[in-house]
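Participant: Just so it is clear, I am handing over target_20.csv, which has CSV, C-alpha atoms (C1' of nucleotides).
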```csv
chain,number,residue,atom,x,y,z
A,223,MET,CA,62.8,99.5,106.8
A,224,LYS,CA,63.6,96.5,104.6
A,225,THR,CA,65.2,97.6,101.4
A,226,LYS,CA,63.9,96.2,98.2
A,227,GLN,CA,66.6,94.7,96.1
A,228,THR,CA,67.0,97.0,93.1
A,229,ILE,CA,70.3,95.7,91.7
A,230,VAL,CA,70.6,94.0,88.4
A,231,TRP,CA,73.8,92.0,88.3
A,232,ASP,CA,75.4,89.8,85.8
A,233,THR,CA,78.8,89.0,84.4
A,234,VAL,CA,78.6,91.5,81.6
A,235,GLN,CA,78.0,94.3,84.1
A,236,GLU,CA,80.7,93.0,86.4
A,237,GLU,CA,83.2,93.0,83.5
A,238,PHE,CA,82.1,96.4,82.4
A,239,ILE,CA,82.6,97.9,85.9
A,240,GLN,CA,86.1,96.4,86.0
A,241,LYS,CA,86.9,98.0,82.6
A,242,TRP,CA,85.5,101.2,83.7
A,243,ARG,CA,87.6,101.2,86.9
A,244,GLU,CA,90.8,100.6,84.9
A,245,LEU,CA,89.8,103.4,82.5
A,246,GLY,CA,89.2,105.6,85.5
A,247,THR,CA,92.7,105.0,86.7
A,248,ALA,CA,94.1,106.2,83.3
A,249,TRP,CA,92.0,109.3,83.7
A,250,GLY,CA,93.3,110.0,87.2
A,251,ILE,CA,90.1,109.1,88.9
A,252,PRO,CA,90.0,107.2,92.2
A,253,PRO,CA,89.2,103.5,91.6
A,254,ALA,CA,86.2,103.5,93.9
A,255,MET,CA,84.8,106.5,92.2
A,256,ALA,CA,85.1,105.0,88.8
A,257,ALA,CA,83.7,101.7,89.9
A,258,ILE,CA,80.7,103.3,91.5
A,259,HIS,CA,80.1,105.3,88.3
A,260,GLY,CA,80.4,102.1,86.3
A,261,LEU,CA,77.9,100.4,88.5
A,262,LEU,CA,75.4,103.2,88.3
A,263,LEU,CA,75.9,103.5,84.5
A,264,SER,CA,74.9,99.9,84.3
A,265,GLN,CA,71.8,100.3,86.4
A,266,GLN,CA,68.6,101.7,85.1
A,267,HIS,CA,67.2,102.4,88.6
A,268,PRO,CA,68.6,104.5,91.5
A,269,LEU,CA,70.6,102.6,94.1
A,270,ILE,CA,71.1,103.3,97.8
A,271,THR,CA,74.5,103.6,99.5
A,272,ASP,CA,74.3,100.2,101.0
A,273,GLU,CA,73.7,98.5,97.7
A,274,VAL,CA,76.7,100.3,96.2
A,275,MET,CA,78.8,99.3,99.2
A,276,SER,CA,77.9,95.6,99.2
A,277,THR,CA,77.9,95.2,95.5
A,278,LEU,CA,81.4,96.6,95.1
A,279,SER,CA,82.7,95.6,98.6
A,280,LEU,CA,83.5,99.2,99.6
A,281,SER,CA,83.5,100.8,103.0
A,282,ARG,CA,80.7,103.1,103.9
A,283,GLY,CA,83.1,106.0,104.1
A,284,SER,CA,84.5,105.5,100.6
A,285,ALA,CA,81.1,104.8,99.0
A,286,HIS,CA,79.8,108.0,100.6
A,287,THR,CA,82.7,110.2,99.6
A,288,GLN,CA,82.9,109.0,96.0
A,289,LEU,CA,79.2,109.1,95.6
A,290,GLN,CA,79.4,112.7,96.8
A,291,ALA,CA,82.2,113.5,94.3
A,292,LEU,CA,80.1,112.0,91.5
A,293,VAL,CA,77.2,114.2,92.5
A,294,ASP,CA,79.4,117.2,92.6
A,295,TRP,CA,80.7,116.5,89.1
A,296,GLY,CA,77.1,116.2,87.9
A,297,LEU,CA,77.7,112.6,86.7
A,298,VAL,CA,75.2,111.3,89.2
A,299,TYR,CA,71.9,112.6,90.6
A,300,PRO,CA,70.7,112.1,94.2
A,301,VAL,CA,67.1,111.0,94.4
A,302,ARG,CA,65.1,111.5,97.6
A,303,THR,CA,62.4,109.0,98.1
A,304,LEU,CA,59.4,110.6,99.8
A,305,GLY,CA,58.6,109.7,103.4
A,306,THR,CA,62.1,108.6,104.2
A,307,ARG,CA,65.5,110.1,104.7
A,308,GLN,CA,67.0,107.5,102.4
A,309,ARG,CA,68.8,108.8,99.3
A,310,ARG,CA,69.2,107.0,96.1
A,311,TYR,CA,71.6,107.6,93.2
A,312,VAL,CA,71.2,107.4,89.4
A,313,ALA,CA,73.9,108.1,86.8
A,314,GLU,CA,73.4,110.5,84.0
A,315,LYS,CA,73.3,108.3,80.9
A,316,ASP,CA,73.6,110.9,78.2
A,317,ALA,CA,77.1,110.8,76.7
A,318,TRP,CA,77.1,114.4,75.8
A,319,GLN,CA,76.1,115.5,79.3
A,320,MET,CA,78.7,113.2,80.8
A,321,MET,CA,81.4,114.7,78.6
A,322,ALA,CA,80.3,118.2,79.5
A,323,CYS,CA,80.6,117.3,83.2
A,324,ILE,CA,84.1,115.9,82.7
A,325,ALA,CA,85.2,118.9,80.6
A,326,ARG,CA,84.0,121.2,83.4
A,327,GLN,CA,86.1,119.5,86.0
A,328,ARG,CA,89.1,119.3,83.8
A,329,LYS,CA,89.0,122.9,82.9
A,330,LYS,CA,88.8,123.8,86.5
A,331,ARG,CA,91.6,121.5,87.5
A,332,GLU,CA,94.0,121.7,84.5
A,333,LEU,CA,93.3,124.8,82.5
A,334,ASP,CA,92.3,127.5,85.0
A,335,PRO,CA,95.5,127.2,87.0
A,336,LEU,CA,97.5,127.4,83.8
A,337,LEU,CA,95.7,130.6,82.8
A,338,GLU,CA,96.6,132.0,86.2
A,339,LEU,CA,100.2,132.1,85.0
A,340,GLU,CA,99.2,135.1,83.0
A,341,GLY,CA,98.6,137.2,86.1
A,342,TRP,CA,101.9,135.9,87.6
A,343,LYS,CA,103.8,136.8,84.4
A,344,GLU,CA,102.5,140.3,84.5
A,345,SER,CA,103.3,140.8,88.1
A,346,GLN,CA,106.8,139.6,87.3
A,347,SER,CA,107.5,142.0,84.4
A,348,ALA,CA,106.8,144.8,86.9
A,349,GLY,CA,110.0,143.5,88.6
A,350,LEU,CA,112.7,144.7,86.3
A,351,SER,CA,114.0,141.3,84.9
A,352,ASP,CA,114.8,142.4,81.4
A,353,SER,CA,117.8,140.2,81.0
A,354,ALA,CA,118.0,138.2,77.8
A,355,PRO,CA,117.2,134.8,79.5
A,356,ALA,CA,114.2,136.3,81.3
A,357,GLN,CA,112.9,137.7,78.1
A,358,ALA,CA,113.3,134.4,76.4
A,359,LEU,CA,111.2,132.7,79.1
A,360,ASP,CA,108.7,135.5,78.7
A,361,LYS,CA,108.3,134.8,75.1
A,362,THR,CA,107.9,131.0,75.6
A,363,LEU,CA,105.3,131.7,78.2
A,364,ASP,CA,103.4,134.0,75.8
A,365,GLY,CA,103.2,131.1,73.4
A,366,ILE,CA,102.0,128.7,76.0
A,367,LEU,CA,99.4,131.2,77.3
A,368,THR,CA,98.1,131.8,73.8
A,369,GLN,CA,97.6,128.1,73.2
A,370,ALA,CA,96.0,127.8,76.6
A,371,ARG,CA,93.5,130.5,75.9
A,372,ALA,CA,92.6,128.9,72.6
A,373,VAL,CA,91.9,125.5,74.3
A,374,ASN,CA,90.1,127.3,77.0
A,375,GLY,CA,87.8,128.8,74.5
A,376,VAL,CA,86.8,125.4,73.2
A,377,PHE,CA,86.2,124.2,76.7
A,378,ASP,CA,84.1,127.2,77.7
A,379,ARG,CA,81.9,126.6,74.7
A,380,LEU,CA,81.7,122.9,75.3
A,381,ILE,CA,80.6,123.5,78.8
A,382,SER,CA,78.1,126.3,78.4
A,383,GLU,CA,76.6,125.7,75.0
A,384,ASP,CA,74.3,123.0,73.8
A,385,GLU,CA,75.1,119.8,72.1
A,386,ARG,CA,74.3,121.1,68.7
A,387,TRP,CA,77.2,123.5,68.8
A,388,TRP,CA,79.6,120.8,69.6
A,389,GLU,CA,78.3,118.6,66.8
A,390,GLN,CA,78.5,121.3,64.3
A,391,TRP,CA,82.0,122.2,65.3
A,392,LEU,CA,83.2,118.7,65.0
A,393,ILE,CA,81.6,118.3,61.6
A,394,ARG,CA,83.0,121.5,60.3
A,395,GLY,CA,86.4,121.0,61.8
A,396,LEU,CA,87.0,117.5,60.9
A,397,ARG,CA,85.9,117.8,57.3
A,398,ARG,CA,89.1,118.1,55.3
A,399,ASN,CA,89.7,121.7,54.2
B,85,MET,CA,136.4,117.0,82.5
B,86,LYS,CA,135.4,120.2,84.4
B,87,THR,CA,131.9,121.2,83.3
B,88,LYS,CA,131.3,124.8,82.3
B,89,GLN,CA,128.4,126.3,84.3
B,90,THR,CA,125.6,126.7,81.8
B,91,ILE,CA,122.8,127.5,84.1
B,92,VAL,CA,121.1,130.8,84.3
B,93,TRP,CA,119.3,131.1,87.6
B,94,ASP,CA,117.3,133.7,89.3
B,95,THR,CA,114.2,134.2,91.4
B,96,VAL,CA,111.8,134.6,88.5
B,97,GLN,CA,112.9,131.2,87.1
B,98,GLU,CA,112.8,129.6,90.5
B,99,GLU,CA,109.2,130.8,91.0
B,100,PHE,CA,108.3,129.7,87.5
B,101,ILE,CA,109.6,126.2,88.1
B,102,GLN,CA,107.7,126.0,91.3
B,103,LYS,CA,104.5,127.0,89.5
B,104,TRP,CA,105.2,124.6,86.7
B,105,ARG,CA,105.6,121.8,89.2
B,106,GLU,CA,102.3,122.5,90.8
B,107,LEU,CA,100.7,122.7,87.4
B,108,GLY,CA,102.2,119.4,86.6
B,109,THR,CA,100.6,117.8,89.6
B,110,ALA,CA,97.2,118.9,88.4
B,111,TRP,CA,98.0,117.4,85.1
B,112,GLY,CA,98.9,114.1,86.6
B,113,ILE,CA,102.6,114.5,86.0
B,114,PRO,CA,105.3,113.4,88.4
B,115,PRO,CA,106.7,116.5,90.3
B,116,ALA,CA,110.3,115.8,89.3
B,117,MET,CA,109.3,115.5,85.7
B,118,ALA,CA,107.4,118.8,85.7
B,119,ALA,CA,110.2,120.6,87.6
B,120,ILE,CA,112.8,119.4,85.1
B,121,HIS,CA,110.6,120.5,82.2
B,122,GLY,CA,110.1,123.9,83.9
B,123,LEU,CA,113.8,124.2,84.4
B,124,LEU,CA,114.6,123.4,80.8
B,125,LEU,CA,111.9,125.6,79.5
B,126,SER,CA,113.5,128.5,81.4
B,127,GLN,CA,117.0,127.7,79.9
B,128,GLN,CA,118.1,128.7,76.5
B,129,HIS,CA,121.0,126.3,76.4
B,130,PRO,CA,121.1,122.5,76.9
B,131,LEU,CA,121.9,121.2,80.4
B,132,ILE,CA,123.6,118.1,81.5
B,133,THR,CA,122.1,115.7,84.0
B,134,ASP,CA,124.3,116.9,86.8
B,135,GLU,CA,123.2,120.5,86.4
B,136,VAL,CA,119.5,119.4,86.5
B,137,MET,CA,120.2,117.2,89.6
B,138,SER,CA,121.9,119.9,91.6
B,139,THR,CA,119.8,122.8,90.6
B,140,LEU,CA,116.6,121.0,91.6
B,141,SER,CA,118.1,118.8,94.3
B,142,LEU,CA,117.1,115.6,92.7
B,143,SER,CA,118.7,112.2,92.9
B,144,ARG,CA,120.6,110.9,89.8
B,145,GLY,CA,118.0,108.1,89.3
B,146,SER,CA,115.1,110.4,89.3
B,147,ALA,CA,116.7,113.0,87.1
B,148,HIS,CA,117.6,110.4,84.6
B,149,THR,CA,114.3,108.7,84.6
B,150,GLN,CA,112.3,111.9,84.2
B,151,LEU,CA,114.6,113.3,81.6
B,152,GLN,CA,114.1,110.1,79.7
B,153,ALA,CA,110.3,110.4,80.0
B,154,LEU,CA,110.5,114.0,78.7
B,155,VAL,CA,112.5,112.8,75.7
B,156,ASP,CA,110.1,110.0,75.1
B,157,TRP,CA,107.2,112.5,75.1
B,158,GLY,CA,109.1,114.7,72.7
B,159,LEU,CA,109.1,117.7,75.0
B,160,VAL,CA,112.9,117.6,75.4
B,161,TYR,CA,115.6,116.8,72.9
B,162,PRO,CA,118.9,115.1,73.9
B,163,VAL,CA,121.9,116.8,72.4
B,164,ARG,CA,125.2,114.9,72.0
B,165,THR,CA,128.2,117.0,72.3
B,166,LEU,CA,130.9,115.9,70.0
B,167,GLY,CA,134.0,114.2,71.4
B,168,THR,CA,132.4,113.2,74.6
B,169,ARG,CA,129.8,110.8,75.8
B,170,GLN,CA,128.1,113.6,77.7
B,171,ARG,CA,124.5,114.2,76.8
B,172,ARG,CA,122.7,117.5,77.2
B,173,TYR,CA,119.1,118.3,77.2
B,174,VAL,CA,117.0,121.2,75.7
B,175,ALA,CA,113.3,121.7,75.9
B,176,GLU,CA,111.1,122.3,72.9
B,177,LYS,CA,110.0,125.9,73.3
B,178,ASP,CA,107.3,126.1,70.6
B,179,ALA,CA,103.9,126.0,72.3
B,180,TRP,CA,102.2,124.2,69.5
B,181,GLN,CA,104.8,121.5,69.4
B,182,MET,CA,104.4,121.1,73.1
B,183,MET,CA,100.7,120.8,72.9
B,184,ALA,CA,101.0,118.2,70.2
B,185,CYS,CA,103.3,116.1,72.3
B,186,ILE,CA,101.0,116.3,75.3
B,187,ALA,CA,98.0,115.5,73.1
B,188,ARG,CA,99.8,112.4,71.7
B,189,GLN,CA,100.4,111.1,75.2
B,190,ARG,CA,96.9,111.8,76.4
B,191,LYS,CA,95.4,110.1,73.5
B,192,LYS,CA,97.5,107.0,74.1
B,193,ARG,CA,96.7,107.0,77.8
B,194,GLU,CA,93.1,108.1,78.0
B,195,LEU,CA,91.4,107.8,74.7
B,196,ASP,CA,92.8,104.6,73.1
B,197,PRO,CA,91.8,102.4,76.0
B,198,LEU,CA,88.3,103.9,75.9
B,199,LEU,CA,88.0,103.1,72.3
B,200,GLU,CA,89.0,99.5,73.0
B,201,LEU,CA,85.6,99.2,74.8
B,202,GLU,CA,84.2,98.9,71.3
B,203,GLY,CA,85.8,95.6,70.7
B,204,TRP,CA,84.8,94.4,74.1
B,205,LYS,CA,81.2,95.5,73.5
B,206,GLU,CA,81.0,93.5,70.3
B,207,SER,CA,82.5,90.4,71.8
B,208,GLN,CA,79.8,90.7,74.5
B,209,SER,CA,76.8,91.0,72.2
B,210,ALA,CA,77.9,87.7,70.7
B,211,GLY,CA,77.1,86.2,74.2
B,212,LEU,CA,73.3,86.3,74.3
B,213,SER,CA,72.6,89.0,76.9
B,214,ASP,CA,69.5,90.5,75.4
B,215,SER,CA,67.8,91.3,78.7
B,216,ALA,CA,66.4,94.8,79.0
B,217,PRO,CA,69.1,96.0,81.4
B,218,ALA,CA,71.9,94.6,79.2
B,219,GLN,CA,70.4,96.4,76.2
B,220,ALA,CA,70.2,99.7,78.2
B,221,LEU,CA,73.8,99.5,79.1
B,222,ASP,CA,74.6,98.7,75.4
B,223,LYS,CA,72.8,101.9,74.4
B,224,THR,CA,74.6,104.0,76.9
B,225,LEU,CA,77.9,102.5,75.8
B,226,ASP,CA,77.1,103.4,72.2
B,227,GLY,CA,76.6,107.0,73.1
B,228,ILE,CA,79.9,107.1,74.9
B,229,LEU,CA,81.8,105.4,72.1
B,230,THR,CA,80.3,107.9,69.6
B,231,GLN,CA,81.6,110.8,71.7
B,232,ALA,CA,84.9,109.1,72.1
B,233,ARG,CA,85.3,108.6,68.4
B,234,ALA,CA,84.5,112.3,67.8
B,235,VAL,CA,87.1,113.5,70.4
B,236,ASN,CA,89.5,111.0,69.0
B,237,GLY,CA,89.1,112.5,65.5
B,238,VAL,CA,90.1,115.9,66.9
B,239,PHE,CA,93.2,114.4,68.6
B,240,ASP,CA,94.3,112.5,65.6
B,241,ARG,CA,94.2,115.7,63.5
B,242,LEU,CA,95.9,117.7,66.2
B,243,ILE,CA,98.7,115.2,66.4
B,244,SER,CA,99.3,114.5,62.8
B,245,GLU,CA,98.5,117.7,61.0
B,246,ASP,CA,100.3,121.0,61.0
B,247,GLU,CA,99.7,124.0,63.1
B,248,ARG,CA,97.7,125.8,60.5
B,249,TRP,CA,94.9,123.3,60.6
B,250,TRP,CA,94.6,123.7,64.3
B,251,GLU,CA,94.5,127.5,64.1
B,252,GLN,CA,91.9,127.4,61.3
B,253,TRP,CA,89.8,125.0,63.2
B,254,LEU,CA,89.8,127.1,66.3
B,255,ILE,CA,89.0,130.2,64.4
B,256,ARG,CA,86.2,128.6,62.5
B,257,GLY,CA,84.8,126.8,65.5
B,258,LEU,CA,85.0,129.6,68.0
B,259,ARG,CA,83.4,132.2,65.8
B,260,ARG,CA,79.8,132.4,66.8
B,261,ASN,CA,77.5,130.7,64.2
C,128,DC,C1',142.7,97.0,76.8
C,129,DA,C1',142.8,99.6,80.8
C,130,DG,C1',141.0,103.8,83.0
C,131,DT,C1',137.6,106.9,83.5
C,132,DA,C1',133.4,109.6,82.6
C,133,DC,C1',129.0,109.1,82.1
C,134,DT,C1',124.5,106.4,81.9
C,135,DT,C1',121.3,103.0,83.3
C,136,DT,C1',119.0,100.0,86.4
C,137,DC,C1',116.6,98.5,90.4
C,138,DA,C1',115.7,97.0,95.4
C,139,DT,C1',114.6,100.0,99.0
C,140,DT,C1',112.6,104.1,101.1
C,141,DT,C1',109.7,108.0,101.0
C,142,DT,C1',105.6,110.5,100.0
C,143,DA,C1',101.1,111.3,98.6
C,144,DA,C1',96.5,109.5,97.7
C,145,DA,C1',92.8,106.6,98.6
C,146,DT,C1',90.3,103.6,101.8
C,147,DT,C1',88.6,102.0,106.1
C,148,DG,C1',85.7,101.8,110.1
C,149,DA,C1',83.8,103.4,113.8
C,150,DA,C1',82.1,107.4,116.2
C,151,DA,C1',79.5,111.8,115.7
C,152,DA,C1',76.0,114.4,113.6
C,153,DT,C1',71.6,115.0,111.5
C,154,DA,C1',67.1,114.1,109.9
C,155,DT,C1',62.7,111.8,110.1
C,156,DG,C1',58.6,109.6,111.9
C,157,DT,C1',55.9,108.5,116.3
D,233,DA,C1',61.2,115.0,122.8
D,234,DC,C1',62.5,110.3,121.8
D,235,DA,C1',64.1,106.6,119.2
D,236,DT,C1',66.0,105.1,115.0
D,237,DA,C1',67.4,105.2,110.3
D,238,DT,C1',70.6,107.4,107.5
D,239,DT,C1',74.4,110.5,106.5
D,240,DT,C1',78.7,112.6,107.4
D,241,DT,C1',83.3,113.1,109.2
D,242,DC,C1',88.0,111.9,110.3
D,243,DA,C1',92.2,109.8,112.5
D,244,DA,C1',94.4,105.7,111.4
D,245,DT,C1',95.6,102.3,107.9
D,246,DT,C1',96.5,100.6,103.4
D,247,DT,C1',97.9,101.0,98.7
D,248,DA,C1',100.1,102.8,94.8
D,249,DA,C1',103.4,106.1,92.8
D,250,DA,C1',107.6,108.4,92.8
D,251,DA,C1',112.3,109.3,94.5
D,252,DT,C1',116.6,107.6,96.3
D,253,DG,C1',121.3,106.1,96.0
D,254,DA,C1',124.5,102.9,95.3
D,255,DA,C1',125.9,99.3,92.2
D,256,DA,C1',126.2,97.6,87.5
D,257,DG,C1',126.7,98.7,82.8
D,258,DT,C1',128.5,101.0,78.7
D,259,DA,C1',131.0,104.0,75.7
D,260,DC,C1',134.8,106.9,74.9
D,261,DT,C1',140.0,108.2,75.4
D,262,DG,C1',144.6,107.5,75.6
```
Could I get this file's structure written as structure tokens?
Facilitator:
Amino acid sequence: MKTKQTIVWDTVQEEFIQKWRELGTAWGIPPAMAAIHGLLLSQQHPLITDEVMSTLSLSRGSAHTQLQALVDWGLVYPVRTLGTRQRRYVAEKDAWQMMACIARQRKKRELDPLLELEGWKESQSAGLSDSAPAQALDKTLDGILTQARAVNGVFDRLISEDERWWEQWLIRGLRRN
Amino acid sequence: MKTKQTIVWDTVQEEFIQKWRELGTAWGIPPAMAAIHGLLLSQQHPLITDEVMSTLSLSRGSAHTQLQALVDWGLVYPVRTLGTRQRRYVAEKDAWQMMACIARQRKKRELDPLLELEGWKESQSAGLSDSAPAQALDKTLDGILTQARAVNGVFDRLISEDERWWEQWLIRGLRRN
DNA sequence: CAGTACTTTCATTTTAAATTGAAAATATGT
DNA sequence: ACATATTTTCAATTTAAAATGAAAGTACTG
């Protein structure tokens, strides 16, 4: 089946994608993933894998893997066209939704493992290390875990609640006093 | 000059350092840097480069570079012993200070470049791209930048203000309603 | 102004992460 | 069930990041 050309392409978009790719690198995101996300953000209509591949000169494997990752993150939706196996992809354009997706991933990757230290710490205090240095480390860890729990609370809210909460929180929090 | 052994070392600390290193990886921090930070966090007294090197089996180059990075971040303080060129290093143990350091770095690395998109966006709208797709991208970008500014506000405060503000903010924000 | 103790740099090597491309698997229409 | 369009997987390659180690630089001491 001949694929209708759905890509809109111009210099502004090309530049945007480049910038988005660089930004992605700073955020610890694979270049291909960031580039695809940038491309889809700049497109109003869903694209098929082949369009993504050829527009960004990526291999099929990479395009597929990164597209999958974007779908897993919730930043991109797969769209099934009726009467064909073909899958198309659109990006979520709402900034708040995007942020929630990213927050979800970061919490999983960065915060949850940190909070697991709590369990480890307890399992350790069972072992009889009550030397002064061990106790000092214990105290430091307590402080870290308290902070981590606080940040975690913010993330939990950010992820599970609606946009209104976030806005209210920012307004309340950022107002001096 | 013979160096007095200042390291306190046991299984708990070794495990902690290992966990901290893994955590570091999830946070996009070089393993050696995370390991050194873990080691210094677990020590009450300042260590010299050679102790760090041998305890963690690192090369001198790596120990030096990562120690420097930790000092640059503000997570570790260099201590000059009088009457010798020798430099020792201690970790900041206060969790809030640590968080502020990390927030500062992340803002610089992840947020500031995002905010620079604003300038780019404006320089682009000067060029006459008023096609429908270009306008759509423009709108999406606006949303993203608005979110980015909001998050940036939080970070600015977190970095420049004192601990009390942060605590208050969390308490106010996290209380339901 | 040596001599030495420590620090800094950097070309090379190592390691980990991302990408490729082609083969295998799966779904869909006839 | 067959043929074909599309997706998925994965061993091999490429690329980028970090670590090494030895040489060069710098400050302190007598």
Participant: Using all atoms listed in the file, which residues sit within 8 Å of Lys315 (chain A) once same-chain residues fewer than 2 positions away are excluded, as an NGL selection string?
Facilitator: (:A and (263 or 313 or 317 or 319-320)) or (:B and (224))
Participant: Between CA of Ala356 (chain A) and CA of His148 (chain B), what is the spacing in Å?
Facilitator: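 Between these atoms lies a distance of 26.3 Å.
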Participant: At a cut-off of 10 Å, using all atoms listed in the file, what residues contact DT146 (chain C)? Leave out same-chain residues fewer than 4 positions from it and give the result as a VMD selection string.
Facilitator: (chain A and resid 254 280 to 285) or (chain D and resid 245 to 247)
Participant: Using all atoms listed in the file, which protein or nucleic acid residues come within 12 Å of Glu273 (chain A)? Drop anything in the same chain fewer than 5 positions from it, and give the result as a list in words.
Facilitator: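 Final neighbour list, sorted by chain and number: Thr225, Lys226, Gln227, Thr228, Ile229, Val230, Trp231, Ile258, Leu261, Leu262, Gln265, His267, Pro268, Leu278, Ser279, Leu280, Ser281, Arg282, Ala285, His286, Arg309, Arg310 and Tyr311 of chain A.
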Participant: So what do you get for CA of Ala370 (chain A) versus CA of Leu292 (chain A), distance-wise?
Facilitator: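 If I compute the distance from CA of Ala370 (chain A) to CA of Leu292 (chain A), I get 26.9 Å.
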Participant: Could you list, as a list in words, every residue within 9 Å of Leu242 (chain B), counting all atoms listed in the file and ignoring same-chain residues fewer than 5 positions away?
Facilitator: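 Near Leu242 (chain B), the qualifying residues are Met183, Ala184, Ala187, Arg188, Gly237, Glu247, Trp249 and Trp250 of chain B.
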Participant: Point out the residue among A:Ala354, A:Ile270, A:Ile393, A:Leu297 with the least atom-to-atom distance to chain D, counting all atoms listed in the file.
Facilitator: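 So, comparing all the options, the nearest one is A:Ile270.
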Participant: Just give me the gap between CA of Ile239 (chain A) and CA of Gly260 (chain A) in Å, one decimal is fine.
Facilitator: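 Separation between CA of Ile239 (chain A) and CA of Gly260 (chain A): 4.8 Å.
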Participant: Around the point (84.5, 106.4, 70.4), in the coordinates given by the file, pick out the residues reaching within 9 Å, counting only C-alpha atoms (C1' of nucleotides), and return them as a ChimeraX atom specification.
Facilitator: /B:195-196,198-202,226-236
Participant: Using C-alpha atoms, can you export the residues from the last selection as a compact mmCIF listing (two decimals), keeping the file's coordinate frame?
Facilitator:
```
# COMPACT_ATOMS: atom_id res chain seq x y z
CA LEU B 195 91.40 107.80 74.70
CA ASP B 196 92.80 104.60 73.10
CA LEU B 198 88.30 103.90 75.90
CA LEU B 199 88.00 103.10 72.30
CA GLU B 200 89.00 99.50 73.00
CA LEU B 201 85.60 99.20 74.80
CA GLU B 202 84.20 98.90 71.30
CA ASP B 226 77.10 103.40 72.20
CA GLY B 227 76.60 107.00 73.10
CA ILE B 228 79.90 107.10 74.90
CA LEU B 229 81.80 105.40 72.10
CA THR B 230 80.30 107.90 69.60
CA GLN B 231 81.60 110.80 71.70
CA ALA B 232 84.90 109.10 72.10
CA ARG B 233 85.30 108.60 68.40
CA ALA B 234 84.50 112.30 67.80
CA VAL B 235 87.10 113.50 70.40
CA ASN B 236 89.50 111.00 69.00
```
Participant: Of the residues C:DA129, C:DC137, C:DA145, C:DA150, which is the one nearest to chain A, using all atoms listed in the file?
Facilitator: C:DA145
Participant: A:Asp360, A:Glu236, A:Glu389, A:Asp272: which is nearest chain D, counting all atoms listed in the file?
Facilitator: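 Nearest candidate to chain D out of A:Asp360, A:Glu236, A:Glu389, A:Asp272: A:Asp272.
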